[in-house]
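Working notes for the structure below.
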Amino acid sequence: MIIRQLFDPQSSTYSYLLADSATLEAVLIDPVFEQGRRDAALVAELGARLVCTLETHVHADHVTGAWLLRRRLGSKIALGAKTGAEGADRLLAHGERIEFGRRHLVALETPGHTAGCLSYVLDNESMVFTGDALLVRGCGRTDFQGGDARTLFRSVRERLFTLPGSCLVYPAHDYRGLTCSSIAEEKRFNPRLGDAVGEDDFVGYMTHLGLPHPKQMEIAVPANLRCGKPEKQAALDDEPDWAPLVFTFAGIWEVSPEWLEENLDRVQVVDVREPSEFNGPLGHIPGAKLIPLGALARRANELAGAKPVVTVCRSGARSAQASVLLHKHGITRAANLAGGMLRWRALGYRTEGARE
């Protein structure tokens with residue numbers, strides 16, 4: 001079997017592509033909307049056929065790529081019957097099999113993080129994909145979307161910890177760079193759910209976490225209840241090819257700083273901050289043209305040239321608005337710099353005009 005672990009740095013989400021090596025039929029677990037182009041490219045490079053995308057739960061920190069991949073590759077969408085989601089091709093119950101070629105996964109209901117959580121165990125019980133029910137040395141929170149600490153404790157103990165100790169655990173998230181564990185390791189070392197922890201101890205711990213709600217929750221949950229289908233999808237009908245762009249669920253085309261740093265001569269960089277910021281502590285990208293956002297509409301004609309436009313600001317928020325404005329003015333080859341100058345500087349790329 002072929003397995004590839006994929007990562008989305010914005011949400012720290014792991015997606016998993018599994019393919020039967022004989023038939024090359026494949027499934028993709030927990031895809032991310034913004035990574036749809038990457039995932040489709042990997043499927044094509046491997047010569048695989050994506051038959052299904054699977055969700056471990058209705059995510060609150062990112063929008064699923066399930067609808068986007070169904071649109072692009074014709075894959076079916078499957079997730080838990082108790083999620084309340086609409087638009088899926090298959091709603092899964094405990095014990096159901098998801099087949100791909102000669103291999104299959106078995107859906108295990110593991111509620112507690114949310115009411116509709118599923119884990120997926122491979123046919124030979126050599127690996128399990130646990131979503132947020134069981135993380136490496138941790139677990140998902142239990143304070144919204146029908147979550148319940150006692151339910152999660154019993155899900156892990158009765159459904160996951162009864163798997164073979166050698167079974168590899170692949171979680172939906174990790175914020176420290178840990179990629180994999182095993183059932184035996186988690187039973188021994190997981191500080192929340194290990195064998196030495198009692199149910200009341202776990203409930204007390206989870207009750208007092210005091211975590212803020214995920215920043216994307218108000219966007220992600222409604223979108224994921226539609227299996228990731230955007231309310232506006234016209235921008236997807238004509239994909240630009242001048243750069244390896246990412247289309248965000250908010251409807252913004254974005255370019256990575258890594259690509260821009262290597263291709264500065266191929267684009268017009270437009271900085272939409274104020275003059276004091278342009279030559280402020282963060283400086284600006286070499287060769288960038290300063291057009292503050294408030295002046296961009298009346299000066300958009302200055303950018304109607306042969307080169308595409310990349311808009312930039314401090315964090316990527318104002319420049320996202322700028323890229324949309326340029327599209328409305330007929331400059332369709334325009335994209336936002338993901339993360340803005342903060343990310344550009346964090347990556348150590350060259351700047352000009354910086355002063356304290």
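In the structure tokens, chains take letters A, B, ... by order of appearance, with residues numbered from 1 within each chain and ligands from 1 in the order shown.
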
Inset, instruction - Considering only C-alpha atoms, return as a PyMOL selection string whatever protein or nucleic-acid residues lie within 9 Å of range 287-298 of chain A, sequence-local ones (same chain, fewer than 6 positions apart) excluded. - result: chain A and resi 264-265+268-275+278+312+318-319+321-322+325-326+329+352

Legend entry - helix (DSSP H, G or I) per DSSP on the backbone: members of range 61-250 of chain A, as a PyMOL selection string: chain A and resi 66-73+149-160+183-189+199-207+217-224+234-237

Limited to N, CA and C atoms, could you put the picked residues into a file as a compact mmCIF listing (two decimals), in the first residue's frame?
# COMPACT_ATOMS: atom_id res chain seq x y z
N ALA A 66 -13.01 18.48 0.46
CA ALA A 66 -13.78 17.37 -0.11
C ALA A 66 -14.57 17.79 -1.35
N TRP A 67 -15.34 18.88 -1.24
CA TRP A 67 -16.14 19.33 -2.39
C TRP A 67 -15.24 19.72 -3.55
N LEU A 68 -14.14 20.41 -3.26
CA LEU A 68 -13.24 20.86 -4.32
C LEU A 68 -12.64 19.68 -5.07
N LEU A 69 -12.25 18.63 -4.36
CA LEU A 69 -11.67 17.46 -5.00
C LEU A 69 -12.72 16.64 -5.76
N ARG A 70 -13.94 16.62 -5.25
CA ARG A 70 -15.01 15.96 -6.01
C ARG A 70 -15.24 16.70 -7.33
N ARG A 71 -15.20 18.01 -7.29
CA ARG A 71 -15.37 18.82 -8.48
C ARG A 71 -14.24 18.61 -9.48
N ARG A 72 -13.01 18.47 -8.94
CA ARG A 72 -11.84 18.36 -9.79
C ARG A 72 -11.59 16.93 -10.26
N LEU A 73 -11.76 15.95 -9.37
CA LEU A 73 -11.36 14.58 -9.67
C LEU A 73 -12.51 13.59 -9.71
N ALA A 149 -16.43 15.06 27.56
CA ALA A 149 -15.18 14.46 28.04
C ALA A 149 -15.35 12.98 28.39
N ARG A 150 -16.43 12.62 29.07
CA ARG A 150 -16.62 11.21 29.43
C ARG A 150 -16.79 10.35 28.18
N THR A 151 -17.49 10.89 27.21
CA THR A 151 -17.68 10.14 25.97
C THR A 151 -16.36 9.93 25.26
N LEU A 152 -15.52 10.96 25.22
CA LEU A 152 -14.22 10.82 24.56
C LEU A 152 -13.34 9.82 25.30
N PHE A 153 -13.33 9.87 26.61
CA PHE A 153 -12.53 8.92 27.40
C PHE A 153 -12.92 7.49 27.05
N ARG A 154 -14.22 7.22 26.98
CA ARG A 154 -14.68 5.86 26.70
C ARG A 154 -14.43 5.47 25.25
N SER A 155 -14.53 6.44 24.34
CA SER A 155 -14.22 6.16 22.93
C SER A 155 -12.79 5.68 22.77
N VAL A 156 -11.88 6.40 23.41
CA VAL A 156 -10.46 6.04 23.30
C VAL A 156 -10.18 4.71 23.97
N ARG A 157 -10.69 4.54 25.18
CA ARG A 157 -10.40 3.31 25.92
C ARG A 157 -11.05 2.08 25.28
N GLU A 158 -12.28 2.23 24.79
CA GLU A 158 -13.02 1.06 24.31
C GLU A 158 -12.86 0.79 22.82
N ARG A 159 -12.56 1.84 22.04
CA ARG A 159 -12.51 1.67 20.60
C ARG A 159 -11.08 1.74 20.06
N LEU A 160 -10.24 2.57 20.64
CA LEU A 160 -8.89 2.76 20.11
C LEU A 160 -7.86 1.96 20.90
N ILE A 183 -0.46 2.77 19.39
CA ILE A 183 -1.40 2.53 20.48
C ILE A 183 -0.65 2.22 21.77
N ALA A 184 0.39 1.42 21.70
CA ALA A 184 1.15 1.08 22.91
C ALA A 184 1.78 2.32 23.54
N GLU A 185 2.34 3.18 22.72
CA GLU A 185 2.95 4.41 23.24
C GLU A 185 1.92 5.29 23.94
N GLU A 186 0.77 5.46 23.30
CA GLU A 186 -0.24 6.34 23.87
C GLU A 186 -0.82 5.76 25.15
N LYS A 187 -0.99 4.46 25.21
CA LYS A 187 -1.48 3.83 26.44
C LYS A 187 -0.49 4.05 27.58
N ARG A 188 0.77 4.10 27.25
CA ARG A 188 1.79 4.24 28.28
C ARG A 188 2.12 5.69 28.61
N PHE A 189 2.16 6.56 27.59
CA PHE A 189 2.73 7.90 27.80
C PHE A 189 1.74 9.05 27.65
N GLU A 199 -11.11 8.05 34.68
CA GLU A 199 -12.10 8.83 33.93
C GLU A 199 -12.37 10.18 34.59
N ASP A 200 -12.52 10.20 35.91
CA ASP A 200 -12.78 11.46 36.60
C ASP A 200 -11.59 12.41 36.48
N ASP A 201 -10.38 11.86 36.51
CA ASP A 201 -9.19 12.70 36.32
C ASP A 201 -9.25 13.38 34.95
N PHE A 202 -9.59 12.59 33.94
CA PHE A 202 -9.65 13.12 32.57
C PHE A 202 -10.72 14.20 32.46
N VAL A 203 -11.90 13.94 33.00
CA VAL A 203 -13.00 14.91 32.93
C VAL A 203 -12.61 16.21 33.62
N GLY A 204 -11.98 16.11 34.79
CA GLY A 204 -11.54 17.31 35.49
C GLY A 204 -10.51 18.10 34.70
N TYR A 205 -9.59 17.39 34.07
CA TYR A 205 -8.56 18.04 33.26
C TYR A 205 -9.20 18.78 32.09
N MET A 206 -10.09 18.11 31.36
CA MET A 206 -10.68 18.71 30.16
C MET A 206 -11.63 19.85 30.50
N THR A 207 -12.28 19.78 31.65
CA THR A 207 -13.22 20.82 32.05
C THR A 207 -12.53 22.15 32.29
N MET A 217 -13.51 29.19 13.35
CA MET A 217 -14.67 28.35 13.65
C MET A 217 -15.94 28.85 12.96
N GLU A 218 -16.19 30.15 12.97
CA GLU A 218 -17.43 30.67 12.41
C GLU A 218 -17.49 30.50 10.90
N ILE A 219 -16.33 30.40 10.26
CA ILE A 219 -16.29 30.15 8.82
C ILE A 219 -16.25 28.65 8.55
N ALA A 220 -15.39 27.94 9.28
CA ALA A 220 -15.11 26.54 8.96
C ALA A 220 -16.30 25.62 9.23
N VAL A 221 -16.94 25.75 10.37
CA VAL A 221 -18.01 24.80 10.71
C VAL A 221 -19.18 24.88 9.73
N PRO A 222 -19.73 26.07 9.43
CA PRO A 222 -20.81 26.11 8.43
C PRO A 222 -20.38 25.58 7.07
N ALA A 223 -19.15 25.89 6.66
CA ALA A 223 -18.66 25.41 5.37
C ALA A 223 -18.51 23.90 5.38
N ASN A 224 -18.02 23.35 6.45
CA ASN A 224 -17.82 21.90 6.53
C ASN A 224 -19.13 21.14 6.65
N ALA A 234 -17.53 31.00 -8.61
CA ALA A 234 -17.22 31.41 -9.98
C ALA A 234 -15.73 31.55 -10.21
N ALA A 235 -14.99 32.02 -9.20
CA ALA A 235 -13.55 32.25 -9.37
C ALA A 235 -12.78 30.96 -9.65
N LEU A 236 -13.37 29.82 -9.31
CA LEU A 236 -12.69 28.55 -9.53
C LEU A 236 -12.80 28.07 -10.98
N ASP A 237 -13.69 28.69 -11.75
CA ASP A 237 -13.96 28.19 -13.09
C ASP A 237 -12.85 28.50 -14.09

I need the residues of range 173-346 of chain A that end up classed as strand (DSSP E) by DSSP on the backbone, written out as a compact mmCIF listing (two decimals) with C-alpha atoms, in the first residue's frame.
# COMPACT_ATOMS: atom_id res chain seq x y z
CA SER A 181 2.70 7.34 17.41
CA SER A 182 1.37 3.89 18.32
CA VAL A 246 -3.70 28.70 -3.87
CA PHE A 247 -7.39 29.60 -3.83
CA TRP A 253 -5.90 33.79 -4.90
CA GLU A 254 -2.63 33.68 -2.96
CA VAL A 255 1.00 33.15 -3.85
CA GLN A 268 4.82 43.63 -10.26
CA VAL A 269 4.90 43.79 -6.46
CA VAL A 270 2.44 46.37 -5.15
CA ASP A 271 2.68 47.33 -1.47
CA LYS A 289 5.70 49.86 -5.88
CA LEU A 290 3.91 51.76 -3.10
CA VAL A 309 0.55 41.74 -9.86
CA VAL A 310 1.30 40.50 -6.33
CA THR A 311 -0.22 42.64 -3.60
CA VAL A 312 1.52 42.97 -0.22
CA ALA A 334 -3.39 39.49 -9.46
CA ALA A 335 -2.77 37.54 -6.26
CA ASN A 336 -2.13 38.22 -2.61
CA LEU A 337 1.15 37.46 -0.84

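Nearest residue to Glu239 in chain A, choosing from A:Leu211, A:Glu55, A:Met1, A:Arg333 and counting only C-alpha atoms: A:Arg333.
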
Inset, instruction - Provide the CA of Leu24 in chain A to CA of Arg49 in chain A distance in Å, to one decimal place. - result: 6.2 Å

Legend entry - Residue nearest Phe33 in chain A - candidates A:Arg350, A:Arg4, A:Lys229, A:Arg90, atoms counted: only C-alpha atoms: A:Lys229

Legend entry - Test item: residues at most 9 Å from Leu6 in chain A, only C-alpha atoms, excluding those fewer than 5 positions along its chain, as a PyMOL selection string: chain A and resi 13-17+31+39

Can I get the selected residues back with C-alpha atoms, as a compact mmCIF listing (two decimals), in the first residue's frame?
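Full text of selection37.txt as output:
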# COMPACT_ATOMS: atom_id res chain seq x y z
CA THR A 13 -3.61 19.68 9.78
CA TYR A 14 -2.39 16.31 8.55
CA SER A 15 -4.10 14.80 5.51
CA TYR A 16 -3.45 11.21 4.49
CA LEU A 17 -3.46 9.75 1.00
CA PRO A 31 -8.26 17.13 2.96
CA ASP A 39 -3.44 17.03 -3.40

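Computed from the coordinates, the CA of His57 in chain A to CA of Asn124 in chain A distance equals 23.0 Å.
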
Legend entry - One-decimal distance in Å that lies between CA of Ile331 in chain A and CA of Ala300 in chain A: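 These atoms are spaced 8.2 Å apart.
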
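The residue set within 9 Å of Leu122 in chain A, counting only C-alpha atoms and dropping same-chain residues fewer than 2 places from it, reads Arg103, His104, Leu105, Val106, Tyr120, Asn124, Glu125, Ser126, Met127, Val128 and Phe129 of chain A.
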
Inset, instruction - Give the answer as one residue: which of A:Gln5, A:Ser119, A:Thr332, A:Thr83 has the shortest atom-to-atom distance to Gly146 in chain A, using only C-alpha atoms? - result: A:Thr83
